[in-house]
Amino acid sequence: MTAESVEHHVQWPVPPQDGYTVDDLFTLPDLPPHTELIDGSLVFVSPQREFHAIAIDLLVNGLRSTVPAALRVRREMTVVLDKRNGPEPDVSVIRADAITGPEQTSYRAEDVLLAVEVVSPDSESRDRTTKPQKYATAGIPNFWRVEASGTNDKPVVHVYELDPLTKAYVHVGMHRDRIKVDRPYPIDIDLTAIDEL
């Protein structure tokens, strides 16, 4: 019995001269799940790690427990910042009236009150510098960066608020065991509960 070799041909999309637009992000066929658009370039994400998945679950559950009726908590949905940028925050708090129906694939930056990024090894630079800068420029008032602490892999949440004059984020706190803040609404999440997920 002989084995035939199987060749795998991957057809990668060739970018246009000036890069992709948000319209391309939503119409190109066969893009991998969770593809983002940063500065006109498609960004493919690597498989999710355990810490990343459970940190998102912890935050989504905690944020939803006190979310006001006029807001909603969403995970891994594209936020259109401008024509050439459509990142996908791990968690977002959006205005409820921004939801148009079950087929919706994105939200506008002006409808986002909080963007949260859980840092992974493949996204460190994007999550620490590129995305926060773009979220701030787009006017998203609150940003959280979540990282695993080096000692026990518990989440550490860095909280930022937008300075409206400079259109840049200001670091206003770092939370290890519990995050208790008033913006964008009163939030109190036990970060040690990650062990229970």
# chains A, B, ... in the order shown; residues from 1 in each chain; ligands from 1
>>> residues_around(residues="Val170 (chain A)", least_positions_apart="3", cutoff="12 Å", atoms="only C-alpha atoms", output="MDAnalysis selection string")
chainID A and resid 132:133 136 141:144 158:167 173:174
>>> write_last_selection(atoms="all heavy atoms", output="compact mmCIF listing (two decimals), in the first residue's frame")
# COMPACT_ATOMS: atom_id res chain seq x y z
N PRO A 132 -4.26 50.59 22.21
CA PRO A 132 -4.67 51.69 23.10
C PRO A 132 -4.56 53.06 22.44
O PRO A 132 -5.42 53.91 22.62
CB PRO A 132 -3.72 51.57 24.29
CG PRO A 132 -3.22 50.19 24.25
CD PRO A 132 -3.26 49.74 22.83
N GLN A 133 -3.50 53.27 21.68
CA GLN A 133 -3.33 54.56 21.01
C GLN A 133 -4.48 54.79 20.02
O GLN A 133 -5.04 55.88 19.95
CB GLN A 133 -1.99 54.60 20.29
CG GLN A 133 -1.72 55.92 19.60
CD GLN A 133 -0.39 55.91 18.87
OE1 GLN A 133 0.05 54.88 18.35
NE2 GLN A 133 0.24 57.06 18.83
N ALA A 136 -7.79 55.45 21.91
CA ALA A 136 -7.80 56.81 22.46
C ALA A 136 -8.07 57.83 21.36
O ALA A 136 -8.89 58.74 21.53
CB ALA A 136 -6.48 57.10 23.16
N PRO A 141 -13.65 56.25 25.79
CA PRO A 141 -13.28 56.90 27.05
C PRO A 141 -12.54 56.03 28.07
O PRO A 141 -11.83 56.56 28.92
CB PRO A 141 -14.62 57.37 27.64
CG PRO A 141 -15.67 56.62 26.92
CD PRO A 141 -15.11 56.19 25.61
N ASN A 142 -12.67 54.71 27.98
CA ASN A 142 -12.03 53.84 28.98
C ASN A 142 -11.37 52.66 28.30
O ASN A 142 -11.92 52.08 27.35
CB ASN A 142 -13.07 53.32 29.99
CG ASN A 142 -13.76 54.43 30.72
OD1 ASN A 142 -13.24 54.99 31.68
ND2 ASN A 142 -14.96 54.79 30.27
N PHE A 143 -10.20 52.28 28.82
CA PHE A 143 -9.45 51.14 28.29
C PHE A 143 -8.86 50.36 29.46
O PHE A 143 -8.34 50.95 30.41
CB PHE A 143 -8.33 51.62 27.36
CG PHE A 143 -7.40 50.52 26.93
CD1 PHE A 143 -7.82 49.55 26.03
CD2 PHE A 143 -6.11 50.45 27.43
CE1 PHE A 143 -6.96 48.52 25.65
CE2 PHE A 143 -5.25 49.43 27.05
CZ PHE A 143 -5.68 48.47 26.15
N TRP A 144 -8.98 49.02 29.39
CA TRP A 144 -8.33 48.15 30.36
C TRP A 144 -7.38 47.23 29.62
O TRP A 144 -7.72 46.66 28.59
CB TRP A 144 -9.33 47.27 31.10
CG TRP A 144 -10.30 47.96 31.99
CD1 TRP A 144 -10.40 49.30 32.25
CD2 TRP A 144 -11.33 47.33 32.75
NE1 TRP A 144 -11.43 49.53 33.12
CE2 TRP A 144 -12.02 48.33 33.45
CE3 TRP A 144 -11.75 46.01 32.90
CZ2 TRP A 144 -13.10 48.06 34.28
CZ3 TRP A 144 -12.82 45.73 33.72
CH2 TRP A 144 -13.48 46.75 34.42
N HIS A 158 -4.86 46.83 34.31
CA HIS A 158 -4.39 48.22 34.24
C HIS A 158 -5.55 49.04 33.67
O HIS A 158 -6.06 48.74 32.59
CB HIS A 158 -3.17 48.34 33.32
CG HIS A 158 -1.98 47.59 33.83
ND1 HIS A 158 -1.03 48.19 34.62
CD2 HIS A 158 -1.61 46.30 33.69
CE1 HIS A 158 -0.10 47.30 34.93
NE2 HIS A 158 -0.43 46.15 34.37
N VAL A 159 -5.95 50.07 34.41
CA VAL A 159 -7.11 50.88 34.04
C VAL A 159 -6.64 52.23 33.51
O VAL A 159 -5.81 52.89 34.15
CB VAL A 159 -8.05 51.07 35.26
CG1 VAL A 159 -9.19 52.01 34.92
CG2 VAL A 159 -8.58 49.72 35.73
N TYR A 160 -7.19 52.61 32.38
CA TYR A 160 -6.85 53.89 31.74
C TYR A 160 -8.12 54.67 31.45
O TYR A 160 -9.16 54.08 31.11
CB TYR A 160 -6.13 53.65 30.40
CG TYR A 160 -4.82 52.92 30.53
CD1 TYR A 160 -4.79 51.53 30.59
CD2 TYR A 160 -3.62 53.61 30.59
CE1 TYR A 160 -3.59 50.84 30.71
CE2 TYR A 160 -2.42 52.93 30.70
CZ TYR A 160 -2.41 51.55 30.76
OH TYR A 160 -1.23 50.88 30.88
N GLU A 161 -8.02 55.99 31.58
CA GLU A 161 -9.11 56.88 31.20
C GLU A 161 -8.60 57.88 30.17
O GLU A 161 -7.44 58.29 30.22
CB GLU A 161 -9.66 57.62 32.42
CG GLU A 161 -10.38 56.71 33.39
CD GLU A 161 -10.90 57.44 34.62
OE1 GLU A 161 -10.79 58.68 34.69
OE2 GLU A 161 -11.41 56.75 35.52
N LEU A 162 -9.47 58.27 29.28
CA LEU A 162 -9.11 59.18 28.20
C LEU A 162 -9.00 60.61 28.70
O LEU A 162 -9.92 61.11 29.36
CB LEU A 162 -10.15 59.10 27.08
CG LEU A 162 -9.87 59.90 25.82
CD1 LEU A 162 -8.61 59.37 25.11
CD2 LEU A 162 -11.06 59.83 24.89
N ASP A 163 -7.89 61.26 28.41
CA ASP A 163 -7.75 62.69 28.64
C ASP A 163 -8.30 63.38 27.40
O ASP A 163 -7.72 63.27 26.31
CB ASP A 163 -6.28 63.05 28.84
CG ASP A 163 -6.06 64.54 29.06
OD1 ASP A 163 -6.94 65.35 28.68
OD2 ASP A 163 -5.00 64.90 29.59
N PRO A 164 -9.43 64.08 27.52
CA PRO A 164 -10.06 64.66 26.32
C PRO A 164 -9.22 65.73 25.63
O PRO A 164 -9.38 65.96 24.44
CB PRO A 164 -11.38 65.23 26.84
CG PRO A 164 -11.24 65.32 28.31
CD PRO A 164 -10.18 64.35 28.73
N LEU A 165 -8.32 66.37 26.36
CA LEU A 165 -7.50 67.41 25.75
C LEU A 165 -6.39 66.82 24.88
O LEU A 165 -6.15 67.30 23.77
CB LEU A 165 -6.88 68.31 26.82
CG LEU A 165 -7.88 69.14 27.63
CD1 LEU A 165 -7.16 69.92 28.72
CD2 LEU A 165 -8.65 70.07 26.72
N THR A 166 -5.73 65.79 25.37
CA THR A 166 -4.62 65.21 24.62
C THR A 166 -5.03 64.03 23.75
O THR A 166 -4.24 63.56 22.93
CB THR A 166 -3.52 64.73 25.59
OG1 THR A 166 -4.05 63.69 26.41
CG2 THR A 166 -2.99 65.87 26.44
N LYS A 167 -6.26 63.53 23.93
CA LYS A 167 -6.73 62.33 23.22
C LYS A 167 -5.78 61.16 23.46
O LYS A 167 -5.48 60.37 22.56
CB LYS A 167 -6.89 62.59 21.72
CG LYS A 167 -8.09 63.39 21.35
CD LYS A 167 -9.30 62.50 21.36
CE LYS A 167 -10.45 63.18 20.63
NZ LYS A 167 -11.63 62.39 20.62
N GLY A 173 -4.94 53.33 37.50
CA GLY A 173 -4.91 52.30 38.53
C GLY A 173 -4.49 50.95 38.01
O GLY A 173 -4.61 50.65 36.82
N MET A 174 -3.96 50.14 38.94
CA MET A 174 -3.59 48.76 38.65
C MET A 174 -4.26 47.90 39.72
O MET A 174 -4.12 48.17 40.92
CB MET A 174 -2.08 48.58 38.69
CG MET A 174 -1.64 47.19 38.35
SD MET A 174 0.16 47.03 38.21
CE MET A 174 0.65 47.20 39.91
>>> residues_around(residues="Val93 (chain A)", least_positions_apart="4", cutoff="8 Å", atoms="only C-alpha atoms", output="number ranges by chain")
A: 71-74, 112-115
>>> residues_around(residues="region 24-29 of chain A", least_positions_apart="6", cutoff="12 Å", atoms="only C-alpha atoms", output="number ranges by chain")
A: 11-16, 35-38, 40-44, 78-80, 83-88, 104-106
>>> closest_residue(among="A:Gly19, A:Pro68, A:Gly150, A:Pro155", to="Ala53 (chain A)", atoms="only C-alpha atoms")
A:Pro155
>>> select_by_dssp(residues="region 114-153 of chain A", states="helix (DSSP H, G or I)", output="ChimeraX atom specification")
/A:121-137
>>> write_last_selection(atoms="N, CA, C and O atoms", output="PDB file, in the first residue's frame")
ATOM      1  N   PRO A 121       1.038  36.406  24.275  1.00  0.00           N
ATOM      2  CA  PRO A 121       2.403  36.555  23.770  1.00  0.00           C
ATOM      3  C   PRO A 121       2.465  37.079  22.335  1.00  0.00           C
ATOM      4  O   PRO A 121       3.337  37.878  22.005  1.00  0.00           O
ATOM      5  N   ASP A 122       1.541  36.666  21.476  1.00  0.00           N
ATOM      6  CA  ASP A 122       1.595  37.107  20.081  1.00  0.00           C
ATOM      7  C   ASP A 122       1.034  38.508  19.876  1.00  0.00           C
ATOM      8  O   ASP A 122       1.162  39.066  18.796  1.00  0.00           O
ATOM      9  N   SER A 123       0.393  39.075  20.917  1.00  0.00           N
ATOM     10  CA  SER A 123      -0.245  40.387  20.731  1.00  0.00           C
ATOM     11  C   SER A 123       0.280  41.452  21.690  1.00  0.00           C
ATOM     12  O   SER A 123      -0.327  42.506  21.816  1.00  0.00           O
ATOM     13  N   GLU A 124       1.397  41.182  22.374  1.00  0.00           N
ATOM     14  CA  GLU A 124       1.885  42.114  23.396  1.00  0.00           C
ATOM     15  C   GLU A 124       2.020  43.541  22.879  1.00  0.00           C
ATOM     16  O   GLU A 124       1.504  44.475  23.486  1.00  0.00           O
ATOM     17  N   SER A 125       2.699  43.730  21.777  1.00  0.00           N
ATOM     18  CA  SER A 125       2.927  45.081  21.263  1.00  0.00           C
ATOM     19  C   SER A 125       1.616  45.739  20.840  1.00  0.00           C
ATOM     20  O   SER A 125       1.366  46.906  21.149  1.00  0.00           O
ATOM     21  N   ARG A 126       0.770  44.999  20.153  1.00  0.00           N
ATOM     22  CA  ARG A 126      -0.525  45.563  19.721  1.00  0.00           C
ATOM     23  C   ARG A 126      -1.374  45.948  20.925  1.00  0.00           C
ATOM     24  O   ARG A 126      -1.997  47.004  20.941  1.00  0.00           O
ATOM     25  N   ASP A 127      -1.427  45.065  21.945  1.00  0.00           N
ATOM     26  CA  ASP A 127      -2.299  45.312  23.102  1.00  0.00           C
ATOM     27  C   ASP A 127      -1.757  46.375  24.042  1.00  0.00           C
ATOM     28  O   ASP A 127      -2.525  47.025  24.754  1.00  0.00           O
ATOM     29  N   ARG A 128      -0.443  46.555  24.075  1.00  0.00           N
ATOM     30  CA  ARG A 128       0.156  47.529  24.991  1.00  0.00           C
ATOM     31  C   ARG A 128       0.329  48.914  24.373  1.00  0.00           C
ATOM     32  O   ARG A 128       0.318  49.908  25.088  1.00  0.00           O
ATOM     33  N   THR A 129       0.516  48.981  23.066  1.00  0.00           N
ATOM     34  CA  THR A 129       0.785  50.289  22.451  1.00  0.00           C
ATOM     35  C   THR A 129      -0.144  50.623  21.292  1.00  0.00           C
ATOM     36  O   THR A 129      -0.834  51.632  21.318  1.00  0.00           O
ATOM     37  N   THR A 130      -0.183  49.769  20.276  1.00  0.00           N
ATOM     38  CA  THR A 130      -0.918  50.094  19.053  1.00  0.00           C
ATOM     39  C   THR A 130      -2.410  50.292  19.302  1.00  0.00           C
ATOM     40  O   THR A 130      -2.973  51.341  18.969  1.00  0.00           O
ATOM     41  N   LYS A 131      -3.055  49.299  19.880  1.00  0.00           N
ATOM     42  CA  LYS A 131      -4.507  49.387  20.064  1.00  0.00           C
ATOM     43  C   LYS A 131      -4.910  50.487  21.040  1.00  0.00           C
ATOM     44  O   LYS A 131      -5.827  51.262  20.734  1.00  0.00           O
ATOM     45  N   PRO A 132      -4.262  50.592  22.208  1.00  0.00           N
ATOM     46  CA  PRO A 132      -4.668  51.689  23.096  1.00  0.00           C
ATOM     47  C   PRO A 132      -4.555  53.064  22.440  1.00  0.00           C
ATOM     48  O   PRO A 132      -5.420  53.914  22.617  1.00  0.00           O
ATOM     49  N   GLN A 133      -3.498  53.270  21.681  1.00  0.00           N
ATOM     50  CA  GLN A 133      -3.333  54.557  21.008  1.00  0.00           C
ATOM     51  C   GLN A 133      -4.476  54.793  20.022  1.00  0.00           C
ATOM     52  O   GLN A 133      -5.036  55.884  19.951  1.00  0.00           O
ATOM     53  N   LYS A 134      -4.853  53.766  19.294  1.00  0.00           N
ATOM     54  CA  LYS A 134      -5.932  53.907  18.316  1.00  0.00           C
ATOM     55  C   LYS A 134      -7.290  54.080  18.999  1.00  0.00           C
ATOM     56  O   LYS A 134      -8.114  54.868  18.558  1.00  0.00           O
ATOM     57  N   TYR A 135      -7.529  53.336  20.094  1.00  0.00           N
ATOM     58  CA  TYR A 135      -8.779  53.503  20.837  1.00  0.00           C
ATOM     59  C   TYR A 135      -8.886  54.927  21.382  1.00  0.00           C
ATOM     60  O   TYR A 135      -9.954  55.541  21.340  1.00  0.00           O
ATOM     61  N   ALA A 136      -7.792  55.452  21.908  1.00  0.00           N
ATOM     62  CA  ALA A 136      -7.802  56.810  22.456  1.00  0.00           C
ATOM     63  C   ALA A 136      -8.069  57.832  21.361  1.00  0.00           C
ATOM     64  O   ALA A 136      -8.893  58.740  21.527  1.00  0.00           O
ATOM     65  N   THR A 137      -7.386  57.709  20.246  1.00  0.00           N
ATOM     66  CA  THR A 137      -7.583  58.632  19.128  1.00  0.00           C
ATOM     67  C   THR A 137      -9.025  58.617  18.644  1.00  0.00           C
ATOM     68  O   THR A 137      -9.577  59.648  18.267  1.00  0.00           O
TER      69      THR A 137
END
>>> closest_residue(among="A:Arg108, A:His171, A:Lys180, A:Arg49", to="Gly139 (chain A)", atoms="only C-alpha atoms")
A:Arg108
>>> closest_residue(among="A:Phe51, A:Ile187, A:Asp57, A:Arg145", to="Val172 (chain A)", atoms="only C-alpha atoms")
A:Arg145
>>> closest_residue(among="A:Pro89, A:Glu110, A:Met77, A:Glu196", to="Val146 (chain A)", atoms="only C-alpha atoms")
A:Pro89
